[in-house]
$ cat run-v3.cif   # mmCIF, C-alpha atoms
data_run
loop_
_atom_site.label_atom_id
_atom_site.label_comp_id
_atom_site.auth_asym_id
_atom_site.auth_seq_id
_atom_site.Cartn_x
_atom_site.Cartn_y
_atom_site.Cartn_z
CA MET A 85 -25.70 4.64 24.55
CA PHE A 86 -21.93 4.33 24.65
CA LYS A 87 -21.52 7.89 25.90
CA ASP A 88 -24.22 7.47 28.55
CA LEU A 89 -22.52 4.32 29.88
CA LEU A 90 -19.17 6.09 30.07
CA ARG A 91 -20.72 9.02 31.90
CA ARG A 92 -22.28 6.72 34.48
CA MET A 93 -19.07 4.73 35.06
CA ILE A 94 -16.89 7.81 35.20
CA GLY A 95 -19.29 9.60 37.54
CA VAL A 96 -19.10 6.79 40.09
CA ILE A 97 -15.28 6.87 40.13
CA LEU A 98 -15.12 10.65 40.34
CA LEU A 99 -17.27 10.60 43.46
CA GLY A 100 -14.66 8.53 45.24
CA SER A 101 -11.30 9.67 43.91
CA LEU A 102 -11.02 12.25 41.14
CA VAL A 103 -11.87 15.47 42.92
CA GLY A 104 -9.43 17.58 40.92
CA ILE A 105 -10.60 16.37 37.52
CA GLY A 106 -10.21 19.82 35.98
CA PHE A 107 -6.43 19.52 36.32
CA LEU A 108 -6.09 16.20 34.51
CA SER A 109 -4.16 16.25 31.25
CA PRO A 110 -5.96 15.13 28.10
CA VAL A 111 -5.10 11.71 26.72
CA ARG A 112 -3.70 12.52 23.30
CA ASP A 113 -2.75 9.08 22.01
CA TYR A 114 -5.29 7.58 19.64
CA VAL A 115 -5.79 3.86 20.27
CA LYS A 116 -6.67 1.82 17.19
CA LEU A 117 -8.54 -1.45 17.53
CA PRO A 118 -7.20 -4.42 15.52
CA ASP A 119 -10.50 -5.28 13.82
CA SER A 120 -14.13 -4.33 13.91
CA VAL A 121 -15.27 -5.01 17.47
CA THR A 122 -18.35 -5.08 19.61
CA ILE A 123 -17.75 -4.05 23.23
CA PHE A 124 -19.86 -5.89 25.80
CA GLU A 125 -20.68 -5.19 29.45
CA GLY A 126 -21.53 -8.65 30.73
CA GLN A 127 -23.91 -10.07 28.11
CA ASN A 128 -25.12 -6.68 26.91
CA SER A 129 -23.78 -5.05 23.77
CA VAL A 130 -22.54 -1.55 24.46
CA GLN A 131 -21.09 -0.36 21.15
CA SER A 132 -19.83 -1.69 17.82
CA LEU A 133 -16.97 -0.01 16.02
CA PRO A 134 -15.71 -0.65 12.48
CA ALA A 135 -12.11 -1.55 11.72
CA GLY A 136 -9.54 1.10 12.60
CA THR A 137 -11.93 3.33 14.55
CA SER A 138 -10.40 5.29 17.45
CA ILE A 139 -12.37 5.03 20.68
CA GLN A 140 -11.03 8.40 21.86
CA GLN A 141 -13.44 11.28 21.40
CA GLU A 142 -12.40 14.71 20.16
CA GLU A 143 -9.85 16.22 22.49
CA ASN A 144 -11.93 19.29 23.28
CA GLU A 145 -15.17 17.40 23.85
CA ILE A 146 -16.40 17.71 27.44
CA TYR A 147 -18.52 15.09 29.19
CA THR A 148 -20.71 15.99 32.16
CA THR A 149 -20.70 13.25 34.77
CA ALA A 150 -23.28 12.31 37.41
CA MET A 151 -22.09 15.34 39.37
CA GLU A 152 -22.69 18.45 37.29
CA SER A 153 -19.66 20.16 38.81
CA GLU A 154 -17.34 17.36 37.74
CA LYS A 155 -16.11 17.11 34.17
CA ILE A 156 -13.72 14.91 32.29
CA VAL A 157 -11.66 16.00 29.34
CA SER A 158 -10.98 12.81 27.38
CA ILE A 159 -11.45 9.07 27.31
CA LYS A 160 -9.63 6.23 25.61
CA ALA A 161 -9.83 2.47 25.27
CA LYS A 162 -7.00 0.06 24.64
CA THR A 163 -6.94 -3.61 23.82
CA ASN A 164 -4.43 -6.33 24.39
CA GLY A 165 -3.82 -9.51 22.43
CA ASP A 166 -6.68 -11.25 24.18
CA HIS A 167 -9.18 -8.65 22.95
CA MET A 168 -9.83 -7.30 26.43
CA ALA A 169 -10.79 -3.63 26.40
CA THR A 170 -9.89 -1.29 29.27
CA LEU A 171 -11.59 2.09 29.41
CA GLU A 172 -9.49 4.85 30.93
CA ALA A 173 -10.04 8.44 32.02
CA ALA A 174 -6.62 10.06 31.63
CA SER A 175 -4.42 7.27 33.05
CA PHE A 176 -6.95 5.97 35.55
CA PRO A 177 -8.53 2.58 34.69
CA ILE A 178 -12.33 2.73 34.75
CA LYS A 179 -13.65 -0.66 33.73
CA LYS A 180 -12.66 -3.79 31.85
CA MET A 181 -15.10 -5.09 29.30
CA ASP A 182 -15.69 -8.14 27.17
CA VAL A 183 -14.89 -7.71 23.47
CA LYS A 184 -16.13 -9.57 20.43
CA VAL A 185 -13.86 -9.22 17.42
CA LEU A 186 -15.76 -9.29 14.16
CA SER A 187 -14.09 -11.48 11.56
CA ASP A 188 -13.50 -10.28 8.02
CA LEU A 189 -16.30 -12.55 6.81
CA LYS A 190 -17.88 -11.64 3.50
CA VAL A 191 -20.86 -13.37 1.93
CA VAL A 192 -22.31 -13.23 -1.56
CA PRO A 193 -25.68 -11.44 -1.67
CA GLY A 194 -28.60 -13.29 -3.22
CA GLY A 195 -31.73 -11.85 -4.76
CA GLN A 196 -32.46 -14.86 -6.98
CA SER A 197 -35.97 -16.26 -7.10
CA ILE A 198 -35.91 -19.83 -5.79
CA GLY A 199 -38.36 -22.70 -5.70
CA VAL A 200 -38.72 -24.45 -2.35
CA LYS A 201 -39.65 -28.09 -1.80
CA LEU A 202 -39.98 -29.33 1.77
CA ASN A 203 -40.55 -32.85 3.02
CA THR A 204 -42.00 -32.97 6.50
CA LEU A 205 -40.72 -35.00 9.42
CA GLY A 206 -43.35 -37.75 9.30
CA VAL A 207 -46.81 -36.82 7.98
CA LEU A 208 -48.65 -33.70 9.06
CA ILE A 209 -52.31 -33.73 10.12
CA VAL A 210 -54.07 -30.89 8.27
CA GLY A 211 -57.72 -31.77 8.88
CA HIS A 212 -60.41 -34.27 9.86
CA HIS A 213 -63.15 -35.88 7.81
CA LEU A 214 -66.10 -38.12 8.65
CA VAL A 215 -66.29 -41.76 7.61
CA ASN A 216 -69.79 -42.84 6.53
CA THR A 217 -70.17 -46.11 8.48
CA ASN A 218 -73.16 -48.40 9.02
CA THR A 219 -73.66 -46.81 12.42
CA GLY A 220 -73.33 -43.20 11.33
CA LYS A 221 -70.67 -40.67 10.38
CA GLN A 222 -67.59 -40.62 12.59
CA SER A 223 -63.95 -39.53 12.44
CA PRO A 224 -61.57 -42.14 13.91
CA GLY A 225 -58.84 -39.50 14.10
CA GLU A 226 -60.96 -37.21 16.25
CA ILE A 227 -62.03 -40.14 18.44
CA ALA A 228 -58.32 -40.94 19.00
CA ASP A 229 -57.63 -37.28 19.94
CA ILE A 230 -55.29 -36.73 17.01
CA GLN A 231 -55.36 -33.00 16.32
CA VAL A 232 -54.68 -30.70 13.39
CA GLY A 233 -50.99 -29.81 13.50
CA ASP A 234 -49.91 -33.14 15.00
CA ILE A 235 -47.17 -35.02 13.17
CA ILE A 236 -47.34 -38.82 12.84
CA THR A 237 -43.82 -40.20 13.05
CA LYS A 238 -44.45 -43.91 13.77
CA ILE A 239 -47.21 -46.49 13.49
CA ASN A 240 -46.79 -49.69 15.50
CA GLY A 241 -43.18 -48.70 16.10
CA LYS A 242 -42.34 -48.35 12.37
CA ASP A 243 -41.12 -45.03 10.94
CA ILE A 244 -43.57 -43.04 8.83
CA LYS A 245 -41.85 -40.79 6.29
CA LYS A 246 -44.48 -40.21 3.60
CA MET A 247 -48.20 -40.54 3.04
CA GLY A 248 -47.79 -43.85 1.20
CA ASP A 249 -46.37 -45.40 4.36
CA VAL A 250 -49.71 -45.03 6.18
CA SER A 251 -52.07 -47.01 3.93
CA PRO A 252 -50.69 -50.54 4.59
CA PHE A 253 -51.06 -50.08 8.35
CA VAL A 254 -54.63 -48.82 7.96
CA LYS A 255 -55.61 -51.80 5.79
CA GLU A 256 -53.99 -54.32 8.14
CA SER A 257 -55.57 -52.76 11.21
CA GLY A 258 -59.03 -52.78 9.63
CA GLU A 259 -58.81 -56.38 8.46
CA THR A 260 -57.42 -57.72 11.77
CA ASN A 261 -59.58 -55.43 13.91
CA LYS A 262 -56.47 -54.44 15.88
CA PRO A 263 -56.06 -50.70 16.66
CA MET A 264 -52.88 -48.96 15.60
CA ASP A 265 -50.37 -47.54 18.07
CA VAL A 266 -49.67 -44.12 16.58
CA THR A 267 -46.70 -42.00 17.72
CA ILE A 268 -47.28 -38.29 17.22
CA ILE A 269 -45.41 -35.09 17.97
CA ARG A 270 -47.49 -32.25 19.37
CA ASP A 271 -45.92 -28.94 20.38
CA GLY A 272 -42.52 -30.60 20.49
CA LYS A 273 -43.64 -33.47 22.73
CA SER A 274 -43.91 -37.12 21.66
CA MET A 275 -47.00 -39.08 22.67
CA HIS A 276 -48.92 -42.23 21.74
CA LYS A 277 -52.49 -42.49 20.51
CA THR A 278 -54.66 -45.52 19.81
CA LEU A 279 -56.28 -45.23 16.39
CA LYS A 280 -58.85 -47.72 15.05
CA PRO A 281 -59.86 -47.35 11.37
CA LEU A 282 -63.56 -47.54 10.43
CA GLN A 283 -65.03 -49.10 7.32
CA ASP A 284 -66.81 -46.90 4.80
CA LYS A 285 -70.17 -48.48 3.96
CA ASN A 286 -70.03 -47.30 0.35
CA ASP A 287 -66.73 -48.72 -0.89
CA GLN A 288 -65.96 -50.99 2.08
CA SER A 289 -62.48 -49.47 2.48
CA TYR A 290 -60.99 -48.64 5.89
CA ARG A 291 -60.35 -44.99 6.71
CA ILE A 292 -58.87 -43.06 9.61
CA GLY A 293 -60.77 -39.80 9.11
CA LEU A 294 -57.61 -37.66 8.76
CA TYR A 295 -56.29 -35.42 6.01
CA ILE A 296 -52.50 -35.71 5.91
CA ARG A 297 -49.65 -34.05 4.04
CA ASP A 298 -45.98 -34.94 3.68
CA SER A 299 -44.58 -32.07 1.60
CA ALA A 300 -44.92 -28.39 0.78
CA ALA A 301 -43.76 -26.21 -2.09
CA GLY A 302 -43.52 -22.51 -2.87
CA VAL A 303 -41.26 -19.71 -4.04
CA GLY A 304 -39.10 -17.17 -2.25
CA THR A 305 -35.80 -15.31 -2.51
CA LEU A 306 -32.23 -16.30 -1.69
CA THR A 307 -30.60 -13.93 0.80
CA PHE A 308 -26.91 -14.93 0.83
CA TYR A 309 -24.40 -17.72 0.57
CA ASP A 310 -20.93 -18.20 2.01
CA PRO A 311 -18.41 -18.61 -0.84
CA ALA A 312 -16.17 -20.77 1.39
CA SER A 313 -18.67 -23.28 2.79
CA TYR A 314 -21.60 -22.79 0.36
CA LYS A 315 -23.92 -22.47 3.35
CA TYR A 316 -26.89 -20.28 2.48
CA GLY A 317 -29.91 -18.54 3.98
CA ALA A 318 -33.21 -17.60 2.34
CA LEU A 319 -36.72 -16.21 3.01
CA GLY A 320 -35.93 -14.61 6.39
CA HIS A 321 -38.98 -16.18 8.04
CA VAL A 322 -40.32 -19.62 8.88
CA ILE A 323 -42.36 -21.67 6.39
CA SER A 324 -45.69 -22.61 7.95
CA ASP A 325 -48.27 -25.06 6.67
CA MET A 326 -51.03 -23.25 4.80
CA ASP A 327 -53.78 -25.14 6.65
CA THR A 328 -52.48 -25.56 10.19
CA LYS A 329 -50.53 -22.25 10.24
CA LYS A 330 -47.85 -24.07 12.22
CA PRO A 331 -44.11 -24.21 11.30
CA ILE A 332 -43.26 -27.22 9.16
CA LYS A 333 -40.87 -29.67 10.79
CA VAL A 334 -38.36 -30.45 8.08
CA ASN A 335 -37.11 -33.92 7.36
CA ASN A 336 -35.36 -32.84 4.17
CA GLY A 337 -35.89 -30.58 1.21
CA GLU A 338 -34.32 -28.80 -1.70
CA ILE A 339 -34.21 -25.46 -3.46
CA LEU A 340 -34.43 -25.09 -7.21
CA GLY A 341 -34.17 -22.32 -9.75
CA SER A 342 -37.37 -20.32 -10.23
CA THR A 343 -38.68 -17.94 -12.89
CA VAL A 344 -41.07 -15.07 -12.12
CA THR A 345 -43.88 -15.12 -14.68
CA SER A 346 -46.01 -12.20 -13.48
CA ILE A 347 -46.75 -9.94 -10.52
CA GLU A 348 -50.06 -9.56 -8.74
CA LYS A 349 -49.78 -5.97 -7.56
CA GLY A 350 -50.41 -5.23 -3.90
CA SER A 351 -52.83 -2.66 -2.51
CA ASN A 352 -54.08 -1.55 0.91
CA GLY A 353 -55.57 -4.57 2.66
CA HIS A 354 -54.45 -6.95 -0.08
CA PRO A 355 -50.78 -8.02 -0.21
CA GLY A 356 -49.49 -8.70 -3.72
CA GLU A 357 -47.69 -11.81 -4.92
CA LYS A 358 -44.96 -12.94 -7.27
CA LEU A 359 -46.32 -15.62 -9.57
CA ALA A 360 -43.49 -17.98 -10.43
CA ARG A 361 -42.73 -21.47 -11.64
CA PHE A 362 -39.81 -23.80 -11.13
CA SER A 363 -37.21 -23.49 -13.87
CA ASN A 364 -37.64 -25.84 -16.82
CA ASP A 365 -34.42 -27.71 -16.14
CA GLN A 366 -35.57 -28.50 -12.55
CA ARG A 367 -31.93 -28.18 -11.48
CA VAL A 368 -31.49 -28.65 -7.74
CA LEU A 369 -29.45 -25.75 -6.33
CA GLY A 370 -29.02 -27.11 -2.81
CA ASN A 371 -30.60 -28.89 0.14
CA ILE A 372 -32.76 -27.63 3.01
CA SER A 373 -31.68 -28.72 6.47
CA LYS A 374 -33.47 -26.18 8.67
CA ASN A 375 -36.73 -24.25 8.71
CA SER A 376 -36.53 -21.67 11.50
CA PRO A 377 -38.08 -18.30 12.45
CA PHE A 378 -35.19 -16.70 10.53
CA GLY A 379 -35.70 -18.55 7.25
CA ILE A 380 -34.62 -21.74 5.56
CA PHE A 381 -31.01 -22.88 5.57
CA GLY A 382 -28.83 -25.52 4.00
CA LYS A 383 -25.95 -25.92 1.59
CA LEU A 384 -25.67 -25.11 -2.11
CA ASN A 385 -24.34 -27.70 -4.53
CA ASP A 386 -22.31 -25.04 -6.31
CA LYS A 387 -21.98 -21.26 -6.47
CA ILE A 388 -24.79 -19.52 -8.31
CA SER A 389 -24.78 -16.23 -10.18
CA ASN A 390 -26.99 -13.21 -9.66
CA GLY A 391 -25.54 -11.04 -12.42
CA SER A 392 -23.90 -7.84 -11.22
CA TRP A 393 -23.80 -8.76 -7.52
CA ASN A 394 -21.51 -11.80 -7.48
CA LYS A 395 -18.81 -10.08 -5.41
CA PRO A 396 -18.82 -11.01 -1.69
CA LEU A 397 -19.80 -8.14 0.62
CA PRO A 398 -19.13 -7.49 4.33
CA ILE A 399 -22.01 -7.56 6.80
CA ALA A 400 -23.33 -5.02 9.29
CA LEU A 401 -24.40 -5.86 12.84
CA SER A 402 -27.77 -4.67 14.07
CA ASP A 403 -26.31 -1.66 15.89
CA GLN A 404 -24.42 -0.59 12.75
CA VAL A 405 -27.57 -0.23 10.65
CA LYS A 406 -28.63 3.37 10.06
CA GLU A 407 -31.92 4.96 9.23
CA GLY A 408 -31.85 6.17 5.66
CA PRO A 409 -31.32 5.00 2.07
CA ALA A 410 -30.58 1.36 1.22
CA LYS A 411 -31.19 -1.08 -1.63
CA ILE A 412 -32.78 -4.48 -2.04
CA LEU A 413 -31.95 -7.15 -4.61
CA THR A 414 -34.87 -9.10 -6.06
CA VAL A 415 -36.45 -10.48 -9.24
CA VAL A 416 -39.62 -9.00 -10.73
CA ASP A 417 -39.51 -10.61 -14.17
CA GLY A 418 -37.91 -13.82 -15.40
CA SER A 419 -34.76 -14.64 -13.45
CA LYS A 420 -32.79 -11.39 -13.62
CA VAL A 421 -31.74 -9.94 -10.25
CA ARG A 422 -32.17 -6.16 -10.06
CA GLU A 423 -31.53 -3.54 -7.40
CA PHE A 424 -34.21 -1.18 -6.14
CA ASP A 425 -34.18 1.76 -3.72
CA VAL A 426 -35.65 1.43 -0.24
CA GLU A 427 -35.38 3.37 3.00
CA VAL A 428 -34.66 1.99 6.45
CA ILE A 429 -37.32 3.71 8.56
CA SER A 430 -36.14 2.22 11.86
CA SER A 431 -33.71 -0.40 13.13
CA VAL A 432 -33.53 -1.89 16.60
CA PRO A 433 -30.01 -2.76 17.91
CA GLN A 434 -30.71 -6.30 19.08
CA LYS A 435 -28.61 -8.02 21.76
CA PHE A 436 -30.21 -11.41 21.17
CA PRO A 437 -31.67 -13.11 18.10
CA ALA A 438 -35.09 -11.70 17.21
CA THR A 439 -37.15 -11.27 14.08
CA LYS A 440 -38.59 -8.03 12.72
CA GLY A 441 -35.55 -5.94 13.62
CA MET A 442 -36.07 -3.34 10.91
CA VAL A 443 -38.88 -1.43 9.26
CA ILE A 444 -38.24 -0.65 5.60
CA LYS A 445 -40.16 1.29 2.97
CA ILE A 446 -40.01 0.83 -0.80
CA THR A 447 -39.10 4.18 -2.40
CA ASP A 448 -38.13 3.08 -5.91
CA PRO A 449 -40.76 4.47 -8.36
CA GLU A 450 -40.30 1.60 -10.82
CA LEU A 451 -40.71 -1.12 -8.19
CA LEU A 452 -43.79 0.63 -6.78
CA LYS A 453 -45.27 0.75 -10.27
CA ILE A 454 -44.62 -2.96 -10.85
CA THR A 455 -45.46 -4.46 -7.44
CA GLY A 456 -47.11 -1.75 -5.36
CA GLY A 457 -44.50 -2.41 -2.68
CA ILE A 458 -43.49 -5.60 -0.87
CA VAL A 459 -45.19 -8.71 -2.22
CA GLN A 460 -45.26 -12.39 -1.32
CA GLY A 461 -42.27 -14.16 -2.85
CA MET A 462 -40.04 -11.16 -2.13
CA SER A 463 -39.24 -12.54 1.33
CA GLY A 464 -35.51 -13.05 1.66
CA SER A 465 -34.51 -10.23 -0.70
CA PRO A 466 -31.18 -8.98 0.71
CA ILE A 467 -31.00 -5.40 2.02
CA ILE A 468 -27.73 -3.58 1.31
CA GLN A 469 -26.60 -0.32 2.88
CA ASP A 470 -23.26 1.42 2.33
CA GLY A 471 -21.83 -1.63 0.59
CA ARG A 472 -22.74 -4.01 3.44
CA ILE A 473 -25.47 -6.63 3.76
CA ILE A 474 -27.66 -5.60 6.68
CA GLY A 475 -30.58 -8.01 6.47
CA ALA A 476 -33.48 -9.38 4.44
CA VAL A 477 -37.06 -8.41 3.65
CA THR A 478 -39.50 -10.63 5.59
CA HIS A 479 -43.04 -9.24 5.96
CA VAL A 480 -45.36 -6.66 4.41
CA PHE A 481 -47.74 -4.39 6.29
CA VAL A 482 -51.21 -5.41 5.09
CA ASN A 483 -52.59 -1.87 5.30
CA ASP A 484 -49.49 -0.32 3.71
CA PRO A 485 -47.87 -2.60 1.12
CA THR A 486 -45.08 -0.08 0.51
CA SER A 487 -43.65 -0.92 3.95
CA GLY A 488 -42.76 -3.98 5.97
CA TYR A 489 -40.29 -5.70 8.26
CA GLY A 490 -36.75 -6.92 7.77
CA VAL A 491 -34.57 -9.28 9.80
CA HIS A 492 -30.95 -8.46 10.67
CA ILE A 493 -28.37 -10.48 8.74
CA GLU A 494 -26.37 -11.52 11.81
CA TRP A 495 -29.22 -13.74 13.03
CA MET A 496 -29.61 -15.43 9.65
CA LEU A 497 -25.86 -16.10 9.54
CA ASP A 498 -26.03 -17.62 13.00
CA GLU A 499 -28.90 -19.90 11.97
CA ALA A 500 -26.89 -20.97 8.92
CA GLY A 501 -24.06 -22.08 11.22
CA ILE A 502 -21.70 -19.30 10.12
CA ASN A 503 -19.68 -17.80 13.00
CA ILE A 504 -19.11 -14.09 12.41
CA TYR A 505 -16.81 -13.67 15.41
CA GLU A 506 -13.19 -14.72 15.75
CA GLU A 507 -13.39 -15.37 19.46
CA ARG A 508 -15.11 -14.43 22.71
CA LYS A 509 -13.34 -13.92 26.06
CA GLN A 510 -14.91 -13.03 29.38
CA ALA A 511 -13.83 -9.92 31.22
CA SER A 512 -11.55 -10.58 34.17
#

$ encode --input "run-v3.cif" --output "structure tokens"
Amino acid sequence: MFKDLLRRMIGVILLGSLVGIGFLSPVRDYVKLPDSVTIFEGQNSVQSLPAGTSIQQEENEIYTTAMESEKIVSIKAKTNGDHMATLEAASFPIKKMDVKVLSDLKVVPGGQSIGVKLNTLGVLIVGHHLVNTNTGKQSPGEIADIQVGDIITKINGKDIKKMGDVSPFVKESGETNKPMDVTIIRDGKSMHKTLKPLQDKNDQSYRIGLYIRDSAAGVGTLTFYDPASYKYGALGHVISDMDTKKPIKVNNGEILGSTVTSIEKGSNGHPGEKLARFSNDQRVLGNISKNSPFGIFGKLNDKISNGSWNKPLPIALSDQVKEGPAKILTVVDGSKVREFDVEVISSVPQKFPATKGMVIKITDPELLKITGGIVQGMSGSPIIQDGRIIGAVTHVFVNDPTSGYGVHIEWMLDEAGINIYEERKQAS
């Protein structure tokens, strides 16, 4: 991509000015960049280069431009203190570009099995039921057009934070025969509904005909944490409600230690699962402040150990990930983090945050024997390649449990509020 861009830019200039390109002297000075950088043309990433890499190509390498008869001998790039890159052919400026300088950030890889407890923002509607009244079976919730997936945040102007907050309003409304003013959130929009409870003829209690939930729990895998700020990321994908299939809006939550008790092995058409329980001590490892398409995020209370992988590692951007061997860190028994071999089948250099940036395949014979491939609860397992964290396991292919998707680590770091760049300046 980088070479193609240079060819196009150089070809345009040669058409107008460099007729005698064959007589230009090679540029022999290697230009070292101060840090790892990503070169941008406008908003589009052109090329990432690790620390100390020379942009100059081999001196005897020949590039063919847009005109087949025109050739250029060498190319270089140089930067100034403001991280502005200037591409040159011999001594002729070609184009100035925006440069992002990658910081020397290192994060500690995870792999630990964690328990997840989420408290929703308000109470979530997960279903309807019929109230057996003297005039027949009806659902007040359906009559009020309150739908599955809606979130009740207020009743009569008062905040609703848990299921227990709802009952007093229902009782009062039924006894006074005054409908409730219910504030809900639907698809990100707030709206009001009028809800009138109905009396059940059997026990004479007032009901609203709605199934509600205010919390969710499960297990997953920690991906990383920042040793400086203790900010962490886990799972690599959003947590959705099991009934509504919609992302859970988080009010607050916490992660705890978890122990894997057994593995339900996966097979074609049937994804496997880690069976786990919260650790006996119920120690809270950190909070949960965000549930996003890239995982759950928050802050640890203290650093946590994963055995042999406690040393912080550098990260790789999406366009630095290579097809080929890699490793994942995960737990398959108890709480011990182990490494297993995988292969990166494909990786998409992404210019903007997106999920499913990689396809990986489990190649480790032992892991295949134990799990059959990628299983539920493995989501968030960090992927490491050439000593750098490149992403996390997120999804399994139902018809091929040995393979699945991964998310690039740079997007998880961004969601965690960790800036991986030192600065960003626009090209002049």

$ resolve_selection --input "run-v3.cif" --expression "the PyMOL selection byres ((chain A and resi 333) around 8)" --output "list in words"
Thr204, Leu205, Pro331, Ile332, Val334, Asn335 and Asn375 of chain A

$ resolve_selection --input "run-v3.cif" --expression "the PyMOL selection byres ((chain A and resi 344) around 6)" --output "JSON, numbers by chain"
{"A": [343, 345, 346, 359, 360, 417, 418]}

$ write_last_selection --input "run-v3.cif" --atoms "C-alpha atoms" --output "PDB file, in the coordinates of the input"
ATOM      1  CA  THR A 343     -38.680 -17.940 -12.890  1.00  0.00           C
ATOM      2  CA  THR A 345     -43.880 -15.120 -14.680  1.00  0.00           C
ATOM      3  CA  SER A 346     -46.010 -12.200 -13.480  1.00  0.00           C
ATOM      4  CA  LEU A 359     -46.320 -15.620  -9.570  1.00  0.00           C
ATOM      5  CA  ALA A 360     -43.490 -17.980 -10.430  1.00  0.00           C
ATOM      6  CA  ASP A 417     -39.510 -10.610 -14.170  1.00  0.00           C
ATOM      7  CA  GLY A 418     -37.910 -13.820 -15.400  1.00  0.00           C
TER       8      GLY A 418
END

$ closest_residue --input "run-v3.cif" --among "A:Lys330, A:Lys277, A:Lys285, A:His213" --to "Ile239 (chain A)" --atoms "only C-alpha atoms"
A:Lys277

$ resolve_selection --input "run-v3.cif" --expression "the PyMOL selection byres ((chain A and resi 479) around 10)" --output "PyMOL selection string"
chain A and resi 319-321+355+440+443-444+458-460+462-464+476-478+480-482+485+487-491

$ closest_residue --input "run-v3.cif" --among "A:Asn390, A:Asn385, A:Ser342, A:Gln222" --to "Gln366 (chain A)" --atoms "only C-alpha atoms"
A:Ser342

$ atom_distance --input "run-v3.cif" --atom1 "CA of Thr278 (chain A)" --atom2 "CA of Ser257 (chain A)"
11.3 Å

$ residues_near_point --input "run-v3.cif" --point "(-47.2, -53.1, 12.1)" --cutoff "8 Å" --atoms "only C-alpha atoms" --output "list in words"
Ile239, Asn240, Gly241, Lys242, Phe253, Glu256 and Met264 of chain A

$ residues_around --input "run-v3.cif" --residues "Glu494 (chain A)" --least-positions-apart "2" --cutoff "9 Å" --atoms "all atoms listed in the file" --output "PyMOL selection string"
chain A and resi 399-402+437+474-475+491-492+496-499+504

$ residues_around --input "run-v3.cif" --residues "Ile269 (chain A)" --least-positions-apart "2" --cutoff "7 Å" --atoms "all atoms listed in the file" --output "number ranges by chain"
A: 234-236, 271-275

$ atom_distance --input "run-v3.cif" --atom1 "CA of Asp484 (chain A)" --atom2 "CA of Val415 (chain A)"
21.0 Å

$ atom_distance --input "run-v3.cif" --atom1 "CA of Ser351 (chain A)" --atom2 "CA of Leu452 (chain A)"
10.5 Å

$ build_atoms --input "run-v3.cif" --residues "region 480-491 of chain A" --atoms "N, CA and C atoms" --output "PDB file, in the frame of the given file"
ATOM      1  N   VAL A 480     -44.740  -7.884   4.924  1.00  0.00           N
ATOM      2  CA  VAL A 480     -45.360  -6.660   4.410  1.00  0.00           C
ATOM      3  C   VAL A 480     -46.447  -6.221   5.374  1.00  0.00           C
ATOM      4  N   PHE A 481     -46.631  -4.913   5.509  1.00  0.00           N
ATOM      5  CA  PHE A 481     -47.740  -4.390   6.290  1.00  0.00           C
ATOM      6  C   PHE A 481     -49.004  -4.470   5.424  1.00  0.00           C
ATOM      7  N   VAL A 482     -50.013  -5.180   5.902  1.00  0.00           N
ATOM      8  CA  VAL A 482     -51.210  -5.410   5.090  1.00  0.00           C
ATOM      9  C   VAL A 482     -51.868  -4.096   4.688  1.00  0.00           C
ATOM     10  N   ASN A 483     -51.913  -3.137   5.590  1.00  0.00           N
ATOM     11  CA  ASN A 483     -52.590  -1.870   5.300  1.00  0.00           C
ATOM     12  C   ASN A 483     -51.680  -0.841   4.636  1.00  0.00           C
ATOM     13  N   ASP A 484     -50.417  -1.199   4.422  1.00  0.00           N
ATOM     14  CA  ASP A 484     -49.490  -0.320   3.710  1.00  0.00           C
ATOM     15  C   ASP A 484     -48.455  -1.178   3.003  1.00  0.00           C
ATOM     16  N   PRO A 485     -48.768  -1.665   1.807  1.00  0.00           N
ATOM     17  CA  PRO A 485     -47.870  -2.600   1.120  1.00  0.00           C
ATOM     18  C   PRO A 485     -46.537  -2.000   0.707  1.00  0.00           C
ATOM     19  N   THR A 486     -46.381  -0.678   0.827  1.00  0.00           N
ATOM     20  CA  THR A 486     -45.080  -0.080   0.510  1.00  0.00           C
ATOM     21  C   THR A 486     -44.067  -0.325   1.619  1.00  0.00           C
ATOM     22  N   SER A 487     -44.529  -0.771   2.793  1.00  0.00           N
ATOM     23  CA  SER A 487     -43.650  -0.920   3.950  1.00  0.00           C
ATOM     24  C   SER A 487     -43.766  -2.316   4.551  1.00  0.00           C
ATOM     25  N   GLY A 488     -42.747  -2.679   5.314  1.00  0.00           N
ATOM     26  CA  GLY A 488     -42.760  -3.980   5.970  1.00  0.00           C
ATOM     27  C   GLY A 488     -41.563  -4.150   6.880  1.00  0.00           C
ATOM     28  N   TYR A 489     -41.373  -5.386   7.339  1.00  0.00           N
ATOM     29  CA  TYR A 489     -40.290  -5.700   8.260  1.00  0.00           C
ATOM     30  C   TYR A 489     -39.102  -6.325   7.542  1.00  0.00           C
ATOM     31  N   GLY A 490     -37.954  -6.223   8.192  1.00  0.00           N
ATOM     32  CA  GLY A 490     -36.750  -6.920   7.770  1.00  0.00           C
ATOM     33  C   GLY A 490     -36.095  -7.562   8.977  1.00  0.00           C
ATOM     34  N   VAL A 491     -35.316  -8.615   8.745  1.00  0.00           N
ATOM     35  CA  VAL A 491     -34.570  -9.280   9.800  1.00  0.00           C
ATOM     36  C   VAL A 491     -33.095  -8.937   9.637  1.00  0.00           C
TER      37      VAL A 491
END
